[in-house]
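Asker: Provided herewith: final38.cif, mmCIF, C-alpha atoms.
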```cif
data_structure
loop_
_atom_site.group_PDB
_atom_site.id
_atom_site.type_symbol
_atom_site.label_atom_id
_atom_site.label_comp_id
_atom_site.auth_asym_id
_atom_site.auth_seq_id
_atom_site.Cartn_x
_atom_site.Cartn_y
_atom_site.Cartn_z
ATOM 1 C CA MET A 3 38.229 93.784 101.211
ATOM 2 C CA SER A 4 39.996 93.039 97.951
ATOM 3 C CA ASP A 5 42.801 90.464 97.775
ATOM 4 C CA THR A 6 45.316 93.236 97.015
ATOM 5 C CA ILE A 7 44.299 95.332 100.024
ATOM 6 C CA GLU A 8 44.198 92.261 102.244
ATOM 7 C CA ARG A 9 47.715 91.184 101.187
ATOM 8 C CA ALA A 10 49.021 94.694 101.849
ATOM 9 C CA HIS A 11 47.281 94.692 105.245
ATOM 10 C CA LEU A 12 48.813 91.346 106.217
ATOM 11 C CA SER A 13 52.323 92.046 104.896
ATOM 12 C CA PRO A 14 55.035 92.584 107.531
ATOM 13 C CA TYR A 15 56.334 95.419 105.309
ATOM 14 C CA ARG A 16 55.155 98.853 104.322
ATOM 15 C CA HIS A 17 55.650 99.260 100.572
ATOM 16 C CA PHE A 18 56.646 102.447 98.756
ATOM 17 C CA THR A 19 57.259 103.340 95.155
ATOM 18 C CA ALA A 20 60.563 105.098 94.569
ATOM 19 C CA ALA A 21 58.734 108.411 94.229
ATOM 20 C CA GLU A 22 56.803 107.897 97.472
ATOM 21 C CA TRP A 23 59.988 106.963 99.299
ATOM 22 C CA GLY A 24 61.772 109.986 97.854
ATOM 23 C CA GLU A 25 59.242 112.325 99.462
ATOM 24 C CA LEU A 26 60.488 111.164 102.877
ATOM 25 C CA ARG A 27 63.789 112.996 102.440
ATOM 26 C CA LYS A 28 61.863 116.159 103.455
ATOM 27 C CA ASP A 29 64.247 119.117 103.200
ATOM 28 C CA THR A 30 67.435 117.113 103.705
ATOM 29 C CA PRO A 31 70.164 118.492 101.406
ATOM 30 C CA LEU A 32 72.199 116.096 99.288
ATOM 31 C CA PRO A 33 75.798 116.207 100.585
ATOM 32 C CA LEU A 34 77.275 114.421 97.569
ATOM 33 C CA SER A 35 78.701 115.663 94.277
ATOM 34 C CA GLU A 36 78.699 114.014 90.859
ATOM 35 C CA ALA A 37 82.466 113.505 91.097
ATOM 36 C CA GLU A 38 82.150 111.819 94.497
ATOM 37 C CA LEU A 39 79.410 109.531 93.196
ATOM 38 C CA GLU A 40 81.672 108.421 90.344
ATOM 39 C CA GLU A 41 84.252 107.353 92.929
ATOM 40 C CA LEU A 42 81.647 105.365 94.875
ATOM 41 C CA LYS A 43 80.166 103.463 91.928
ATOM 42 C CA GLY A 44 81.017 99.809 91.448
ATOM 43 C CA PHE A 45 82.438 98.678 88.100
ATOM 44 C CA GLY A 46 79.753 99.087 85.433
ATOM 45 C CA GLU A 47 77.224 100.351 87.965
ATOM 46 C CA ARG A 48 74.572 102.728 86.691
ATOM 47 C CA ILE A 49 73.357 105.196 89.308
ATOM 48 C CA SER A 50 72.613 108.906 89.198
ATOM 49 C CA LEU A 51 72.513 111.686 91.770
ATOM 50 C CA ASP A 52 68.740 111.762 91.251
ATOM 51 C CA GLU A 53 68.485 108.164 92.437
ATOM 52 C CA VAL A 54 70.803 108.846 95.376
ATOM 53 C CA SER A 55 68.552 111.746 96.338
ATOM 54 C CA GLU A 56 65.360 109.719 95.858
ATOM 55 C CA ILE A 57 66.422 106.459 97.545
ATOM 56 C CA TYR A 58 69.567 106.775 99.624
ATOM 57 C CA LEU A 59 69.048 110.233 101.109
ATOM 58 C CA PRO A 60 65.713 109.291 102.770
ATOM 59 C CA LEU A 61 67.336 106.040 103.917
ATOM 60 C CA SER A 62 70.240 107.927 105.485
ATOM 61 C CA ARG A 63 67.722 110.203 107.208
ATOM 62 C CA LEU A 64 65.848 107.213 108.637
ATOM 63 C CA LEU A 65 69.056 105.534 109.785
ATOM 64 C CA ASN A 66 70.248 108.792 111.331
ATOM 65 C CA LEU A 67 67.076 108.858 113.426
ATOM 66 C CA TYR A 68 67.606 105.233 114.459
ATOM 67 C CA VAL A 69 71.223 105.892 115.432
ATOM 68 C CA LEU A 70 70.195 108.970 117.434
ATOM 69 C CA GLU A 71 67.710 106.886 119.402
ATOM 70 C CA THR A 72 70.318 104.180 119.985
ATOM 71 C CA GLN A 73 72.836 106.750 121.205
ATOM 72 C CA GLU A 74 70.219 108.157 123.572
ATOM 73 C CA LEU A 75 69.478 104.658 124.860
ATOM 74 C CA TYR A 76 73.210 104.195 125.469
ATOM 75 C CA ARG A 77 73.315 107.452 127.467
ATOM 76 C CA VAL A 78 70.261 106.542 129.539
ATOM 77 C CA THR A 79 71.661 103.069 130.262
ATOM 78 C CA SER A 80 75.010 104.537 131.318
ATOM 79 C CA ASP A 81 73.192 106.919 133.670
ATOM 80 C CA PHE A 82 71.177 104.041 135.117
ATOM 81 C CA LEU A 83 74.297 101.937 135.716
ATOM 82 C CA GLY A 84 76.201 104.899 137.102
ATOM 83 C CA ARG A 85 79.152 104.485 134.764
ATOM 84 C CA ALA A 86 80.028 105.039 131.136
ATOM 85 C CA GLN A 87 80.034 101.964 128.913
ATOM 86 C CA ALA A 88 82.452 101.197 126.080
ATOM 87 C CA LYS A 89 81.382 102.860 122.825
ATOM 88 C CA VAL A 90 79.304 100.382 120.803
ATOM 89 C CA PRO A 91 78.804 100.965 117.061
ATOM 90 C CA TYR A 92 75.493 100.744 115.255
ATOM 91 C CA ILE A 93 75.919 97.912 112.732
ATOM 92 C CA ILE A 94 74.121 97.833 109.366
ATOM 93 C CA GLY A 95 74.095 94.655 107.252
ATOM 94 C CA VAL A 96 73.755 94.795 103.446
ATOM 95 C CA ALA A 97 72.997 91.546 101.569
ATOM 96 C CA GLY A 98 72.032 90.380 98.087
ATOM 97 C CA SER A 99 73.249 88.495 95.043
ATOM 98 C CA VAL A 100 76.515 88.860 93.196
ATOM 99 C CA ALA A 101 76.221 91.726 90.630
ATOM 100 C CA VAL A 102 73.123 93.291 92.202
ATOM 101 C CA GLY A 103 74.976 96.383 93.445
ATOM 102 C CA LYS A 104 75.638 95.697 97.145
ATOM 103 C CA SER A 105 79.075 97.314 97.188
ATOM 104 C CA THR A 106 77.840 100.557 95.631
ATOM 105 C CA THR A 107 74.923 100.709 98.067
ATOM 106 C CA ALA A 108 77.248 100.121 101.028
ATOM 107 C CA ARG A 109 79.714 102.802 99.912
ATOM 108 C CA ILE A 110 76.993 105.395 99.256
ATOM 109 C CA LEU A 111 75.414 104.720 102.644
ATOM 110 C CA ARG A 112 78.765 104.975 104.370
ATOM 111 C CA THR A 113 79.436 108.353 102.753
ATOM 112 C CA LEU A 114 75.997 109.827 103.433
ATOM 113 C CA LEU A 115 75.839 108.603 107.028
ATOM 114 C CA ALA A 116 79.293 110.015 107.799
ATOM 115 C CA ARG A 117 78.019 113.496 106.865
ATOM 116 C CA TRP A 118 75.401 113.595 109.595
ATOM 117 C CA PRO A 119 76.929 115.501 112.551
ATOM 118 C CA ASN A 120 76.162 113.041 115.367
ATOM 119 C CA HIS A 121 77.941 110.000 113.863
ATOM 120 C CA PRO A 122 80.847 111.168 111.682
ATOM 121 C CA LYS A 123 82.941 108.005 112.023
ATOM 122 C CA VAL A 124 81.509 105.328 109.711
ATOM 123 C CA ASP A 125 83.483 102.230 108.681
ATOM 124 C CA LEU A 126 82.776 99.617 106.020
ATOM 125 C CA ILE A 127 83.890 96.019 105.674
ATOM 126 C CA THR A 128 82.939 93.315 103.186
ATOM 127 C CA THR A 129 82.660 89.706 104.249
ATOM 128 C CA ASP A 130 84.782 88.695 101.235
ATOM 129 C CA GLY A 131 87.710 89.232 103.584
ATOM 130 C CA PHE A 132 86.468 86.319 105.670
ATOM 131 C CA LEU A 133 86.555 83.835 102.803
ATOM 132 C CA PHE A 134 89.012 81.045 103.443
ATOM 133 C CA PRO A 135 92.253 81.520 101.475
ATOM 134 C CA ASN A 136 92.349 79.683 98.136
ATOM 135 C CA ARG A 137 94.801 77.092 99.453
ATOM 136 C CA ILE A 138 92.246 76.028 102.082
ATOM 137 C CA LEU A 139 89.372 76.087 99.586
ATOM 138 C CA GLU A 140 91.430 73.904 97.253
ATOM 139 C CA GLU A 141 92.246 71.468 100.062
ATOM 140 C CA ARG A 142 88.524 71.194 100.854
ATOM 141 C CA ASP A 143 87.464 71.043 97.198
ATOM 142 C CA LEU A 144 85.447 74.259 97.585
ATOM 143 C CA MET A 145 86.858 76.493 94.837
ATOM 144 C CA GLY A 146 83.754 75.814 92.758
ATOM 145 C CA ARG A 147 81.586 76.903 95.695
ATOM 146 C CA LYS A 148 83.321 80.169 96.506
ATOM 147 C CA GLY A 149 80.747 82.495 98.030
ATOM 148 C CA PHE A 150 78.664 79.645 99.446
ATOM 149 C CA PRO A 151 78.383 79.684 103.269
ATOM 150 C CA GLU A 152 80.895 76.849 103.705
ATOM 151 C CA SER A 153 83.605 78.876 101.919
ATOM 152 C CA PHE A 154 83.668 81.496 104.705
ATOM 153 C CA ASP A 155 85.516 81.437 108.012
ATOM 154 C CA VAL A 156 82.300 82.108 109.902
ATOM 155 C CA ARG A 157 83.893 81.671 113.315
ATOM 156 C CA ARG A 158 86.416 84.405 112.563
ATOM 157 C CA LEU A 159 83.703 86.712 111.204
ATOM 158 C CA ILE A 160 81.533 86.221 114.284
ATOM 159 C CA GLN A 161 84.500 86.831 116.585
ATOM 160 C CA PHE A 162 85.253 90.038 114.671
ATOM 161 C CA LEU A 163 81.660 91.267 115.013
ATOM 162 C CA SER A 164 81.530 90.223 118.655
ATOM 163 C CA ASP A 165 84.664 92.236 119.417
ATOM 164 C CA VAL A 166 83.380 95.276 117.524
ATOM 165 C CA LYS A 167 80.000 95.107 119.236
ATOM 166 C CA ALA A 168 81.721 94.785 122.621
ATOM 167 C CA GLY A 169 83.408 98.132 122.013
ATOM 168 C CA SER A 170 86.920 96.708 121.600
ATOM 169 C CA ARG A 171 89.646 98.929 120.138
ATOM 170 C CA ASN A 172 91.506 98.256 116.869
ATOM 171 C CA VAL A 173 89.679 95.120 115.747
ATOM 172 C CA GLU A 174 91.299 93.645 112.629
ATOM 173 C CA ALA A 175 89.571 92.219 109.543
ATOM 174 C CA PRO A 176 91.346 90.461 106.637
ATOM 175 C CA VAL A 177 91.339 91.910 103.128
ATOM 176 C CA TYR A 178 90.232 90.175 99.911
ATOM 177 C CA SER A 179 91.422 91.064 96.406
ATOM 178 C CA HIS A 180 89.113 90.519 93.428
ATOM 179 C CA PHE A 181 92.179 91.014 91.222
ATOM 180 C CA THR A 182 94.074 88.022 92.671
ATOM 181 C CA TYR A 183 90.830 86.271 93.701
ATOM 182 C CA ASP A 184 92.321 85.547 97.130
ATOM 183 C CA ILE A 185 92.944 86.885 100.624
ATOM 184 C CA VAL A 186 95.779 89.433 100.673
ATOM 185 C CA PRO A 187 98.547 88.174 102.980
ATOM 186 C CA ASP A 188 99.561 90.541 105.783
ATOM 187 C CA ASP A 189 96.944 93.150 104.800
ATOM 188 C CA LYS A 190 94.142 94.140 107.144
ATOM 189 C CA ILE A 191 91.390 96.634 107.871
ATOM 190 C CA VAL A 192 91.375 98.061 111.388
ATOM 191 C CA VAL A 193 88.024 98.999 112.915
ATOM 192 C CA ASP A 194 88.410 101.243 115.944
ATOM 193 C CA GLN A 195 85.127 102.021 117.691
ATOM 194 C CA PRO A 196 83.247 103.677 114.823
ATOM 195 C CA ASP A 197 79.859 105.283 115.331
ATOM 196 C CA ILE A 198 78.474 103.057 112.570
ATOM 197 C CA LEU A 199 79.823 99.944 110.843
ATOM 198 C CA VAL A 200 78.398 98.840 107.480
ATOM 199 C CA VAL A 201 78.875 95.103 106.789
ATOM 200 C CA GLU A 202 78.308 94.027 103.176
ATOM 201 C CA GLY A 203 78.182 90.432 101.980
ATOM 202 C CA LEU A 204 76.357 87.609 100.242
ATOM 203 C CA ASN A 205 75.206 85.439 103.121
ATOM 204 C CA VAL A 206 75.143 87.788 106.080
ATOM 205 C CA PHE A 207 71.483 87.073 106.933
ATOM 206 C CA GLN A 208 71.797 83.296 106.833
ATOM 207 C CA PRO A 209 71.512 81.182 109.980
ATOM 208 C CA TRP A 210 74.686 79.260 110.745
ATOM 209 C CA LYS A 211 74.374 75.513 111.164
ATOM 210 C CA PRO A 212 77.016 73.914 113.434
ATOM 211 C CA ALA A 213 78.635 70.697 112.291
ATOM 212 C CA GLU A 214 77.982 67.555 114.267
ATOM 213 C CA GLY A 215 79.609 67.848 117.675
ATOM 214 C CA GLU A 216 80.044 71.630 117.485
ATOM 215 C CA GLU A 217 78.455 74.021 119.935
ATOM 216 C CA PRO A 218 75.786 76.409 118.601
ATOM 217 C CA GLN A 219 76.928 79.997 118.170
ATOM 218 C CA PRO A 220 75.365 83.352 117.224
ATOM 219 C CA PHE A 221 74.374 84.157 113.644
ATOM 220 C CA VAL A 222 76.162 86.957 111.816
ATOM 221 C CA SER A 223 72.868 88.861 111.611
ATOM 222 C CA ASP A 224 72.495 88.757 115.406
ATOM 223 C CA PHE A 225 74.972 91.633 115.532
ATOM 224 C CA PHE A 226 73.043 93.855 113.108
ATOM 225 C CA ASP A 227 70.957 96.789 114.289
ATOM 226 C CA PHE A 228 69.513 97.267 110.804
ATOM 227 C CA SER A 229 69.528 95.076 107.699
ATOM 228 C CA ILE A 230 69.112 95.852 103.989
ATOM 229 C CA TYR A 231 68.523 93.406 101.121
ATOM 230 C CA LEU A 232 69.083 94.386 97.480
ATOM 231 C CA ASP A 233 66.651 92.519 95.255
ATOM 232 C CA ALA A 234 66.043 92.088 91.517
ATOM 233 C CA ASP A 235 64.744 89.474 89.092
ATOM 234 C CA GLU A 236 67.144 86.608 88.415
ATOM 235 C CA GLU A 237 67.270 87.298 84.686
ATOM 236 C CA ALA A 238 68.192 90.941 85.257
ATOM 237 C CA ILE A 239 71.011 90.031 87.651
ATOM 238 C CA ARG A 240 72.268 87.411 85.181
ATOM 239 C CA ARG A 241 72.421 90.051 82.444
ATOM 240 C CA TRP A 242 74.281 92.496 84.709
ATOM 241 C CA TYR A 243 76.764 89.783 85.661
ATOM 242 C CA ILE A 244 77.474 88.925 82.012
ATOM 243 C CA GLU A 245 77.798 92.616 81.061
ATOM 244 C CA ARG A 246 80.312 93.129 83.859
ATOM 245 C CA PHE A 247 82.265 90.034 82.817
ATOM 246 C CA LEU A 248 82.467 91.287 79.226
ATOM 247 C CA SER A 249 83.717 94.688 80.359
ATOM 248 C CA LEU A 250 86.361 93.195 82.637
ATOM 249 C CA ARG A 251 88.023 91.424 79.692
ATOM 250 C CA SER A 252 89.542 94.712 78.538
ATOM 251 C CA THR A 253 90.285 96.071 82.022
ATOM 252 C CA SER A 254 91.446 94.004 85.003
ATOM 253 C CA PHE A 255 91.412 90.652 83.134
ATOM 254 C CA SER A 256 93.936 92.046 80.645
ATOM 255 C CA ASP A 257 96.665 92.214 83.297
ATOM 256 C CA PRO A 258 98.787 89.013 83.157
ATOM 257 C CA LYS A 259 98.861 88.974 86.975
ATOM 258 C CA ALA A 260 95.071 88.848 87.232
ATOM 259 C CA TYR A 261 93.535 85.578 88.371
ATOM 260 C CA PHE A 262 91.078 85.667 85.456
ATOM 261 C CA HIS A 263 93.639 86.718 82.825
ATOM 262 C CA ARG A 264 92.857 83.503 80.904
ATOM 263 C CA TYR A 265 89.481 85.019 79.976
ATOM 264 C CA ALA A 266 90.913 88.219 78.474
ATOM 265 C CA LYS A 267 91.239 86.844 74.923
ATOM 266 C CA LEU A 268 87.820 85.229 74.703
ATOM 267 C CA SER A 269 85.593 86.301 71.842
ATOM 268 C CA ASP A 270 82.279 87.938 72.706
ATOM 269 C CA ASP A 271 80.373 84.688 72.160
ATOM 270 C CA GLU A 272 82.897 82.679 74.184
ATOM 271 C CA ALA A 273 82.844 85.247 76.982
ATOM 272 C CA VAL A 274 79.041 85.216 77.154
ATOM 273 C CA ARG A 275 78.978 81.414 77.329
ATOM 274 C CA THR A 276 81.704 81.365 79.986
ATOM 275 C CA ALA A 277 80.058 84.055 82.115
ATOM 276 C CA ASP A 278 76.661 82.380 81.802
ATOM 277 C CA SER A 279 78.154 79.048 82.888
ATOM 278 C CA ILE A 280 79.818 80.613 85.952
ATOM 279 C CA TRP A 281 76.637 82.495 86.803
ATOM 280 C CA THR A 282 74.422 79.412 86.543
ATOM 281 C CA SER A 283 76.674 76.875 88.266
ATOM 282 C CA ILE A 284 77.866 79.087 91.142
ATOM 283 C CA ASN A 285 76.125 82.421 91.609
ATOM 284 C CA LEU A 286 72.570 81.471 90.662
ATOM 285 C CA ALA A 287 72.799 78.261 92.669
ATOM 286 C CA ASN A 288 74.023 80.216 95.694
ATOM 287 C CA LEU A 289 71.322 82.858 95.221
ATOM 288 C CA ARG A 290 68.502 80.325 95.119
ATOM 289 C CA LYS A 291 69.748 78.083 97.914
ATOM 290 C CA ASN A 292 71.329 80.479 100.395
ATOM 291 C CA ILE A 293 70.767 84.164 99.654
ATOM 292 C CA LEU A 294 67.203 84.670 98.399
ATOM 293 C CA PRO A 295 65.622 82.603 101.223
ATOM 294 C CA THR A 296 66.997 85.170 103.723
ATOM 295 C CA ARG A 297 65.375 88.174 102.034
ATOM 296 C CA GLN A 298 62.459 88.277 104.469
ATOM 297 C CA ARG A 299 64.872 88.624 107.380
ATOM 298 C CA ALA A 300 65.809 92.121 106.180
ATOM 299 C CA GLN A 301 64.276 95.224 107.696
ATOM 300 C CA LEU A 302 64.473 97.021 104.360
ATOM 301 C CA ILE A 303 64.226 95.560 100.845
ATOM 302 C CA LEU A 304 65.356 97.676 97.888
ATOM 303 C CA ARG A 305 64.062 96.175 94.651
ATOM 304 C CA LYS A 306 65.653 97.107 91.340
ATOM 305 C CA GLY A 307 64.064 97.161 87.908
ATOM 306 C CA ASP A 308 65.658 95.863 84.701
ATOM 307 C CA ASP A 309 67.434 99.210 84.256
ATOM 308 C CA HIS A 310 69.300 98.765 87.566
ATOM 309 C CA ARG A 311 67.312 101.594 89.170
ATOM 310 C CA ILE A 312 65.544 100.977 92.491
ATOM 311 C CA ARG A 313 61.817 101.002 91.833
ATOM 312 C CA ASP A 314 60.288 99.721 95.077
ATOM 313 C CA VAL A 315 61.125 100.009 98.762
ATOM 314 C CA ALA A 316 59.742 97.751 101.495
ATOM 315 C CA LEU A 317 60.277 98.743 105.128
ATOM 316 C CA ARG A 318 59.469 96.234 107.859
ATOM 317 C CA LYS A 319 56.739 97.391 110.198
ATOM 318 C CA LEU A 320 57.814 98.057 113.781
#
```
Rewrite the structure from the file as structure tokens, please.

Answerer:
Amino acid sequence: MSDTIERAHLSPYRHFTAAEWGELRKDTPLPLSEAELEELKGFGERISLDEVSEIYLPLSRLLNLYVLETQELYRVTSDFLGRAQAKVPYIIGVAGSVAVGKSTTARILRTLLARWPNHPKVDLITTDGFLFPNRILEERDLMGRKGFPESFDVRRLIQFLSDVKAGSRNVEAPVYSHFTYDIVPDDKIVVDQPDILVVEGLNVFQPWKPAEGEEPQPFVSDFFDFSIYLDADEEAIRRWYIERFLSLRSTSFSDPKAYFHRYAKLSDDEAVRTADSIWTSINLANLRKNILPTRQRAQLILRKGDDHRIRDVALRKL
């Protein structure tokens, strides 16, 4: 047996090229228009309907099958217990680096999954809302580590997920603004017993380590029924981050009320150096230390090429 075959045999994942994965859509129609896709794209994101059809449509079909089985298990369990249980959503976690395209993936999945008839109510939250407010980060000298695990109110996030998974009604999540770079006071997202909840964030697969004297508690990923990791080479993600930073100078950064307004007047060379410094000192450090090591915890890995298009799919074996 060759080394390549042996590695494939021993891998916990089944690997597919994009074309091979695309064949798994079968005859599923694409319930998404070009105009709708434009609304779902993240800033500067490059994705076509062809890629949605090739990658995300088969994924929505697979997840639909998983949700159907979970709903059947819920029905059987209710019959066994002799009483109906509170509605419990199927929770999907989406993780990966800054600038890799997590938000676009989460929004596309939410839209496609909501168009299957047996689970029309699909909600989406991002864990950015569970960052500590800037005033707390400043008090703890953590502004330069925003996005690192210690910058999140993990207890509040776990309580939120615990309530949702318990079938509670009207569970509230805080809202984060990338424009003001802070939590939005008095704003909230209300999650009310959806069929599916998509949770997108940087460190959602990472084990939580209690401080000395604290009691152990569940990990965020303990509440996930399915988990997806968006992957790409570091250099590609760095380039995408810098390209996005350059584009933002003439859009949101140009507003005097924007947190990053001070970067709006930078020259191209200055902007590249600034973006590269932020990427290296914060985002790359976080990726290497906290995000990338959790990749193997995902049930599905979507790997992008230099052109931002997903080229490889790895599905964990059952």

Asker: List every protein, DNA or RNA residue that has an atom no more than 8 Å from (60.6, 99.4, 100.8) in the file's coordinate frame, counting only C-alpha atoms, and report them as an mmCIF file with C-alpha atoms, keeping the file's coordinate frame.

Answerer:
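After the write, selection_33.cif holds the following:
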```cif
data_model
loop_
_atom_site.group_PDB
_atom_site.id
_atom_site.type_symbol
_atom_site.label_atom_id
_atom_site.label_comp_id
_atom_site.auth_asym_id
_atom_site.auth_seq_id
_atom_site.Cartn_x
_atom_site.Cartn_y
_atom_site.Cartn_z
ATOM 1 C CA TYR A 15 56.334 95.419 105.309
ATOM 2 C CA ARG A 16 55.155 98.853 104.322
ATOM 3 C CA HIS A 17 55.650 99.260 100.572
ATOM 4 C CA PHE A 18 56.646 102.447 98.756
ATOM 5 C CA THR A 19 57.259 103.340 95.155
ATOM 6 C CA TRP A 23 59.988 106.963 99.299
ATOM 7 C CA LEU A 302 64.473 97.021 104.360
ATOM 8 C CA ILE A 303 64.226 95.560 100.845
ATOM 9 C CA LEU A 304 65.356 97.676 97.888
ATOM 10 C CA ARG A 305 64.062 96.175 94.651
ATOM 11 C CA ASP A 314 60.288 99.721 95.077
ATOM 12 C CA VAL A 315 61.125 100.009 98.762
ATOM 13 C CA ALA A 316 59.742 97.751 101.495
ATOM 14 C CA LEU A 317 60.277 98.743 105.128
ATOM 15 C CA ARG A 318 59.469 96.234 107.859
#
```

Asker: Fewer than 5 positions away in the same chain doesn't count, so skip those; otherwise give me all residues within 9 Å of Gly131 of chain A, counting all atoms listed in the file, as an MDAnalysis selection string.

Answerer: chainID A and resid 154 159 175:179 184:186 190

Asker: Could you dump the residues just selected with C-alpha atoms as a compact mmCIF listing (two decimals), in the coordinates of the input?

Answerer:
```txt
# COMPACT_ATOMS: atom_id res chain seq x y z
CA PHE A 154 83.67 81.50 104.70
CA LEU A 159 83.70 86.71 111.20
CA ALA A 175 89.57 92.22 109.54
CA PRO A 176 91.35 90.46 106.64
CA VAL A 177 91.34 91.91 103.13
CA TYR A 178 90.23 90.18 99.91
CA SER A 179 91.42 91.06 96.41
CA ASP A 184 92.32 85.55 97.13
CA ILE A 185 92.94 86.88 100.62
CA VAL A 186 95.78 89.43 100.67
CA LYS A 190 94.14 94.14 107.14
```

Asker: List the residues selected by the PyMOL selection byres ((chain A and resi 252) around 12) in the file shown, writing them as an NGL selection string.

Answerer: :A and (246-251 or 253-258 or 260 or 262-270 or 273)

Asker: What separation in Å, quoted to one decimal, exists between atom CA of Val206 of chain A and atom CA of Gly95 of chain A?

Answerer: 7.0 Å

Asker: Give me, as a PyMOL selection string, all polymer residues having an atom no more than 9 Å from Asp278 of chain A, counting all atoms listed in the file and skipping those fewer than 3 positions away in the same chain.

Answerer: chain A and resi 240-241+243-244+273-275+281-283

Asker: Once the PyMOL selection byres ((chain A and resi 46-56) around 9) has been applied to the shown file, what residues remain in the selection, as a count of residues only?

Answerer: 33

Asker: Nearest to Tyr183 of chain A: which of A:Arg297, A:Arg137, A:His121, A:Arg158 is it, counting only C-alpha atoms?

Answerer: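 Among the listed residues, the smallest separation from Tyr183 of chain A belongs to A:Arg137.
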
Asker: Could you give me the axis-aligned bounding box of segment 145-164 of chain A, with 5 Å of padding per side, as centre plus edge lengths in Å to one decimal, as AutoDock Vina command-line options?

Answerer:
```
--center_x 82.6 --center_y 83.5 --center_z 105.7 --size_x 18.5 --size_y 25.5 --size_z 35.9
```

Asker: Please provide the set of residues having any atom within 10 Å of Val166 of chain A, restricted to all atoms listed in the file, with same-chain residues fewer than 6 positions apart removed, written as a PyMOL selection string.

Answerer: chain A and resi 89-93+160+172-174+193-196+199+225

Asker: Of the residues A:Asp224, A:Glu202, A:Glu71, A:Asp125, which is the one nearest to Ala108 of chain A, using all atoms listed in the file?

Answerer: A:Glu202

Asker: Write out as a PyMOL selection string which residues come within 10 Å of Ser62 of chain A when counting all atoms listed in the file, dropping same-chain ones fewer than 2 positions away.

Answerer: chain A and resi 27+30+57-60+64-68+110-118

Asker: Kindly give the distance, in Å, that separates atom CA of Leu204 of chain A and atom CA of Phe162 of chain A, rounded to a single decimal.

Answerer: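 It comes out at 17.1 Å.
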
Asker: Tell me which residues the PyMOL selection byres ((chain A and resi 285) around 12) grabs here, as a VMD selection string.

Answerer: chain A and resid 98 to 102 146 to 150 204 to 205 236 239 to 240 243 to 244 277 to 284 286 to 294

Asker: Which distance in Å separates atom CA of Pro151 of chain A and atom CA of Pro187 of chain A, to one decimal?

Answerer: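 Separating atom CA of Pro151 of chain A from atom CA of Pro187 of chain A is a distance of 21.9 Å.
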
Asker: Which is closest to Phe207 of chain A among A:Pro122, A:Gly169, A:Pro295, A:Pro135, if we use all atoms listed in the file?

Answerer: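 Result for the nearest residue to Phe207 of chain A: A:Pro295.
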
Asker: Measuring atom to atom with all atoms listed in the file, identify which of A:Pro220, A:Gly307, A:Pro119, A:Pro33 is nearest to Gln208 of chain A.

Answerer: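 Using all atoms listed in the file, Gln208 of chain A sits closest to A:Pro220.
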